[in-house]
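A short write-up of the structure that comes next.
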Amino acid sequence: MLRLVKSICVGGFVALATTSCWELEQEVLTGLTADDLANSPRPELIDVLKQGAYASVIGNWGGHGGMWSINEVSSDQLAIPQKGADWEDGGIWLRNHRHTWAVGDGAYNGAWQYCYGIVAQCNLLMSQYPTIEGLNAELRVLRALAYLWLIDNFGNVPIILETDRGGNPPQNTRQEVFNFIESSIKDNVDLLPKTFVKTNLNYYSAHMILAKLYLNAEVYTGVPKWAEAEAAIDVVINSGGYSLEPNFFANFSARNSGSSENIFTLPYDANNAGGFNIHHMTFHYGNQATFQLQEQPWNGYTALEEFYNSFEPGDARRASLREGQQFAADGRTPILDNAVEPNDPDGPTLIFTPRINELAPNALRQAGTRINKFEVPLGSPNSLDNDFPIFRLADAILMKAEAAFRLGRTSDALALVNQVRARANAAPLSTLTADILLAERGRELFAEGHRRSDLIRFGRFNDAWWEKNPSQPFRNLFPIPQNQLQANPNLTQNPGY
Amino acid sequence: MRNYLQKVKAWTIAGLLMVISVGAAFAQGREVTGTVLDATLKDPLPGVTVLVKGTTRGTTTDLDGKFTITVQPGDQSLVFSFVGFTAQEVAIGNQSVFNIELAEDIQSLQEAVVIGYGTQDKKEITSSVTNVGAEQFNRGNFPNPTQLLQGKVAGLSVTRPGGNPNAQPTLRLRGISSFGATQSPLIVLDGVIGASIDAVDPNDIESFDVLKDASAAAIYGTRGAAGVILITTKKGSSKKGYANVTLNTFGAAETASNLIPVLSPEEFVARGGFDWGSSTDWRKEILQTAYNGTVNASVTGGFDNTNYLVSVNYRNNDGVVKGTNRETLNTRFNFNHGALNNKLRMNVSLAYTNTNTKDVNSEAVRYATIYNPTAPVWESGYNPQESSQDREARLALANRRFGGYFQRDLFDYFNPVALINQQQFTNEIKSAIYSYRLEYDITDKITIASQFSEDRLSVLSGSWFSWQDFNVGFGRSGQAGQNQFDRTTSIWNGTIRYENEIFDRMNFTFLAGGETQIFKERGFNASATRFLFDQSYNNLGAGYVRFGNGSDMSSFATNATLNSVFGRANFNYNNTYFLSASVRAETYSGFGKENQTGVFPAFSAGADLTQIFDMGIFSNFKPRASYGIVGQLPPSPTLAIGLFQNGNRIALDADNPFNNGFVAPRQVGNPNPQLKWETTTEINLGIDYGIWNGKVTGTLDVYSRKISDLLFNTQVPAGAPNEFDPGNFYTANSIWANIGDLSQAGIEFLVNVNNVKLGPVNWTPSFNFTMYKRTTIDRIGVGSINLPEIRQATPGSPGQNNNEIVWNRVGQEVGRFYGPRFLGLTERGEYILSTERPEEFEDLGSGLPSGDFGFSNSFSYGKWDMNFLLRGSWGHLIYNSFRGFYENADGASNTWNSVITKNTPISPLVISTPTFSDLYLERGDFMRLDNLQIGYNVASRSSSISNFRIYGGVQNLFTITQFSGVDPEVRWTDDGNPLAPGIERRNTYFVPRIWTAGLTITFK
């Protein structure tokens, strides 16, 4: 009997010693492996995967708390007033507006992750299909767009290539990132299609990236490149494919994919490409009835009074701000806010006034005009259908005007500015200064994500306004997010933090 | 199973004695006869040993319990003994007929302990194992089996904050054992590993055996890292031809206790609240007294080597919040048969449970606390300034839009009564377990066995939002969905067991086996919006929108395989020295190819010192030591593989999406082909003791464990190259990896005192406590990832969405609250906080307990009995969310009602915007009279009724605590997140006080 026990013991240990032969195959029932993709005979696959990479750009751009939010709320145009506990949110939006943000504030990490999510999707796809030249060129330009946002917001960031391996990437200087974006565009732009497709990058939108880079070259590297910027813009303006829409708001309507002015857009779709919820961010709870929204809006983002006042009365673009009494969808049933604060000047009737009593802590719930630039169709869900314009011709024209102005050709600049103003029925200007140019960009490009970058380039970001005190120049870059510093010890915090 | 082997032994001994008695019969003497009965059941007891004291002469009772024995002059007394019963000694005198009743010996019934793939004599056990038999269970309305154990086992925490009948208890054995992998002990039901707890009714359970340390759990290898709870269900008895029918039924009445006080309508208006002119007690509107019923019926019986149990259990439980219900029907069939002279033993066990649940939106509980008390339930009210025409229009509009309910367009403002009535969430849970087992004794020393079992769970969930439901359905014109989830776990194992006295007084038991487990999961989900009529989830086709906001269609499936071999050797030298060693090797398909196999060894040893030394008052004193390694599985089997899941829906031609649309494959999670076993290494030192001949018994355990290669979904540098999968990039912001080390320790103590005589009253108290050295984070990091901390848990909306209040830092304990300290209030009532800068936030304490205790008491007095359990926890802080949002007299007070608790500052009232600080952290220490039951055994004169007991009881009679929230119970997790303990959320279900009355009848 002992012998039997012994043999069982021996057998058991032999089995243990040879466990490597036990390798089990893991079945995959939901999802695809890299091999499945590589062996696919479908001709559409590459196109679908490429659009999938663009989907990561659509991702979190236009949602609350992302890239768009930190670039707009930190400007002199928008704020999120705190209404008691509502919108206190750990103080991060007050700090964003007042330029007193902390390195641990989550929104900056969200923006960083958004940009690097695009970088990773592009790199992964390039490493899967290294030989398809056109695809790789387009993905390199798309990656450069993400780096344009990174250089603008964070400055000194790691450059990650599709050929990189191993763990934490090293940090690069802002100059290196500048050179990387520049070469990414220049080396690949000729491989991009010279069509006027808006939802993918093409030859012209690639030049817009280059133009933005050069326009801000002095901020990024200390060396201005106004002429290079103008040259890049000219490629776009002279392409013949873009023209100003007679109706300013046609560029922002729910069915704006046909806009002749938009150059590169994020094609949001309520069902298939969600994430654009500016109506929820800005409108009052009661406005649910105005638009018959599927969910209640959040009563957050409001325009600053000073910005509202910067519009001359006839300027069509003033309708970018929603003001006055609010009605239900029938246009006549007044909306009432029965929890109105006792000190609200016009009582429960919901009326958006340009004046905001204070930023915090007890802003009136009905105070401030709201973002009205993007059409909100009746019955909208929490995501909108409007394609978000990242680049459009009016911006290009004003960029050219700025380049000309900086190069001393003020009358050229004035003509370009007046071209944009004329479309909005605004009276032509007769003089041009840097401040006037900045204000014009503000009125034209309100809530399109450009304002912070513009203020920095014009040296106005550190100014005091409304309830914001002067800020120090180091605030022109956001901090490298604390989570990223923790995850990657190669990163050094931006100076000043 | 528990004393089955011993019964076999008893027969053997009895047989030997018979041989001896034949020899003795040659002497002269007189014959005496008699009958031996079971004192409780009044059934004849066959096989009872009848021995003349001080001699080797004896006999055994026959199948009718009768015996005949010859006594010699000078014989003093007869001793009647039978395994599982207390021996009785009777003086012979001149008597010639003896009618004896033997009482069951509860102590000795516990001697066999289930240890995984077998049983072991309690005295041989050298690891930390606790047995809890039926007589020790909690008594009351406990629909979940694990609630029977609450407060009974040192180191086992069973918590169920709030009182939702559909909430499952959270189980933690020895505190936190992991972050990312399962933290709940493995349930093994009659040998079925990982069985659904739903598959067994509490009434069918005979005993629990809790394997607490790694050396005991290691035989379950991978799945035992959080401990193991073995459940043994009742079996039939093999007394010839007898069947017992037992009926147990009780009713319960439940009312909500401990509602947080809020302002009256007058006080609310005085604070600036908007006055709608009505007066509503919202809690009264959504609460009810729940009348519940339970019926258990079972038939047990057997003959020769066959026994069976058939039971049916029905439980219907309404919650104290209207609209919540749980109804369960459970059927069980256990059948055992021994063939070939009981050498071939077969067992079939079938269980089927059908559970229907109804739930309401949990936010209804919050709105019932904070909704404007001057608002009416239904749109009504009369305003003198309002014309009758306006009033008619207003009522008509409310009728049309909201079904007549009062609703207003305000932020976070939903009528709780409407919420309960215009939304519905149901589950239909079908759980089946079938298990077949064969055992064969090849020789009297070698037994082979094989068991196959399948555990099938099927859950059909429905959700429905009326088109008049202002919260969700209104904007979407109604919404409904169904979700089907199926899980099947199949297990086959084979074992061989050898038991022999290999040397003089050296008993050796060896077990070896192999096992395959296959896990399958499958789900299907569909939902639609825009319904013309309310048609619930039973007609999804009536919804116009089938994809997009609130609507969807999706499905998934996973398969995984776990193969194992295992062996265990036990040595027992002279019942004095004990040694046990086991090893299990496991291969799991869901790990990286290089790391699929893990080996989990364990050793333990002990010695009963009372067998070696004279230990004075100690009748048992067994120090023991054990060491073991156990492993953990990842939460999904496909984490190691780079998988492309469904990304955006892409229309290649926007003008013709129906012919050009596809879903883009997208790498949603980062693959980690190097993923491997999480391991827990544990050392346990313990003492089993008995004093004064078993009058006092108990155990003391000290343990220390280290968790390595912790499985966790950890943050990665965004976009960086995936270092675990060269060539891949981090498209997601986190990756499942083996990232850290934890360490933890604790002490557990148990003492039982048997039958203390308090005059005519018998008292059996049992006291246990555990003290935790809370889990410390030694490291978070792998490869180039190295995190100093993980912050979790924001209080929520409004206004506290971005401040994480629980920080888990390397070198510190898991689950510390961080924030500013509250220093006081200004005269106006503004906070004075230590700082507003997050970098200066202080460690404010822990949400995890430093100890738990349970004090069980059992009294008997004649035919009366009483049991109660006092239990509690100490050392944990709880964030009181209601106070953290709704006690300040700030700008929000005009919208929402305010809570006013015993801990709320009232002079002055706080006027600041609510911000987290230690003002809202409260000590959670509590002691609760958890359950109490008084019973009376009615003497039965009927020959067909052997037992008739009536009883009544109460649960949650009182709680002593400083905590001013709903329930001071320990929160081990925050909705499943183990890194955010100690938070009482605002949707915590009210705690009920439960009164029960019932009766148990056993028919012969």
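Within each chain, counting starts at residue 1; across the structure tokens, chains are named A, B, ... in the order shown, with ligands numbered 1 upward in that order.
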
Contact residues (chain B, partner chain A, 6 Å, only C-alpha atoms) as number ranges by chain: B: 409-411, 475-476, 548, 556-558, 589, 643-645, 649, 664, 716-719, 721, 723, 726, 729, 731, 784-785, 787, 798-803, 891-892, 895, 913

Using only C-alpha atoms, which residues sit within 12 Å of range 951-956 of chain B once same-chain residues fewer than 2 positions away are excluded, as JSON, numbers by chain? {"B": [138, 139, 140, 141, 142, 147, 162, 163, 248, 249, 250, 251, 252, 253, 254, 255, 256, 257, 258, 863, 864, 865, 866, 867, 868, 869, 870, 871, 872, 927, 928, 929, 930, 931, 932, 933, 934, 935, 936, 937, 938, 948, 949, 958, 959, 960, 967, 969, 991, 992, 993, 994, 995, 996, 997, 998, 999, 1000, 1001]}

Within 8 Å of range 215-222 of chain A, counting only C-alpha atoms, which residues qualify if same-chain residues fewer than 6 places away don't, as an MDAnalysis selection string? chainID A and resid 151:152 155 174:175 178 229 399 403 456:457

C-alpha atoms of the current selection, written as a PDB file, in the first residue's frame:
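Saved to part_17.pdb:
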ATOM      1  CA  ILE A 151       2.431  72.434 -26.769  1.00  0.00           C
ATOM      2  CA  ASP A 152      -0.139  75.160 -26.239  1.00  0.00           C
ATOM      3  CA  GLY A 155       4.490  73.047 -23.225  1.00  0.00           C
ATOM      4  CA  ARG A 174       8.754  73.068 -26.000  1.00  0.00           C
ATOM      5  CA  GLN A 175      11.234  73.854 -28.791  1.00  0.00           C
ATOM      6  CA  PHE A 178       7.594  72.749 -31.941  1.00  0.00           C
ATOM      7  CA  ALA A 229       2.256  81.858 -40.570  1.00  0.00           C
ATOM      8  CA  MET A 399      -5.042  85.018 -38.458  1.00  0.00           C
ATOM      9  CA  ALA A 403       0.180  88.241 -39.258  1.00  0.00           C
ATOM     10  CA  ILE A 456      -1.555  84.604 -24.207  1.00  0.00           C
ATOM     11  CA  ARG A 457      -0.315  85.589 -27.681  1.00  0.00           C
TER      12      ARG A 457
END

Measuring between only C-alpha atoms, which one of B:Asn99, B:Asn317, B:Thr697, B:Ser362 shows the shortest distance to Arg986 in chain B? B:Ser362

Thr433 in chain A environment, 10 Å, only C-alpha atoms, sequence neighbours closer than 5 positions dropped, as a PDB file with C-alpha atoms, in the first residue's frame:
ATOM      1  CA  GLU A 402      -2.925  89.416 -37.380  1.00  0.00           C
ATOM      2  CA  PHE A 405      -0.606  93.581 -38.614  1.00  0.00           C
ATOM      3  CA  THR A 410      -1.964  97.506 -40.917  1.00  0.00           C
ATOM      4  CA  LEU A 414      -7.863  96.215 -41.482  1.00  0.00           C
ATOM      5  CA  LEU A 438      -7.948  90.613 -29.978  1.00  0.00           C
ATOM      6  CA  ALA A 439     -11.465  91.826 -29.216  1.00  0.00           C
TER       7      ALA A 439
END

Quick one: everything within 7 Å of Val565 in chain B, counting only C-alpha atoms, minus sequence neighbours fewer than 5 positions away in the same chain. Send it as a ChimeraX atom specification. /B:513-515,584-586

Show which residues sit within 8 Å of Lys1004 in chain B, as a list in words. Count only C-alpha atoms, and ignore same-chain residues fewer than 4 positions away.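 In the requested form, the answer reads Leu41, Tyr242, Ala243, Asn244, Val245, Ser943, Ser944, Ile945 and Ser946 of chain B.
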
So how many Å separate CA of Arg408 in chain B and CA of Met281 in chain A, to one decimal?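 That distance, rounded to one decimal, is 19.8 Å.
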
Step one, run DSSP on the backbone; step two, keep only residues of range 62-217 of chain A assigned to helix (DSSP H, G or I); then write them as a count of residues only. 93

Closest to Ser860 in chain B among B:Thr597, B:Lys322, B:Asn755, B:Asn659, using only C-alpha atoms?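 Under the stated criterion, the closest residue is B:Asn755.
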
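With distances restricted to only C-alpha atoms, A:Gln77 is the closest residue to Glu305 in chain A from A:Gln77, A:Asn96, A:Ser253, A:Asn179.
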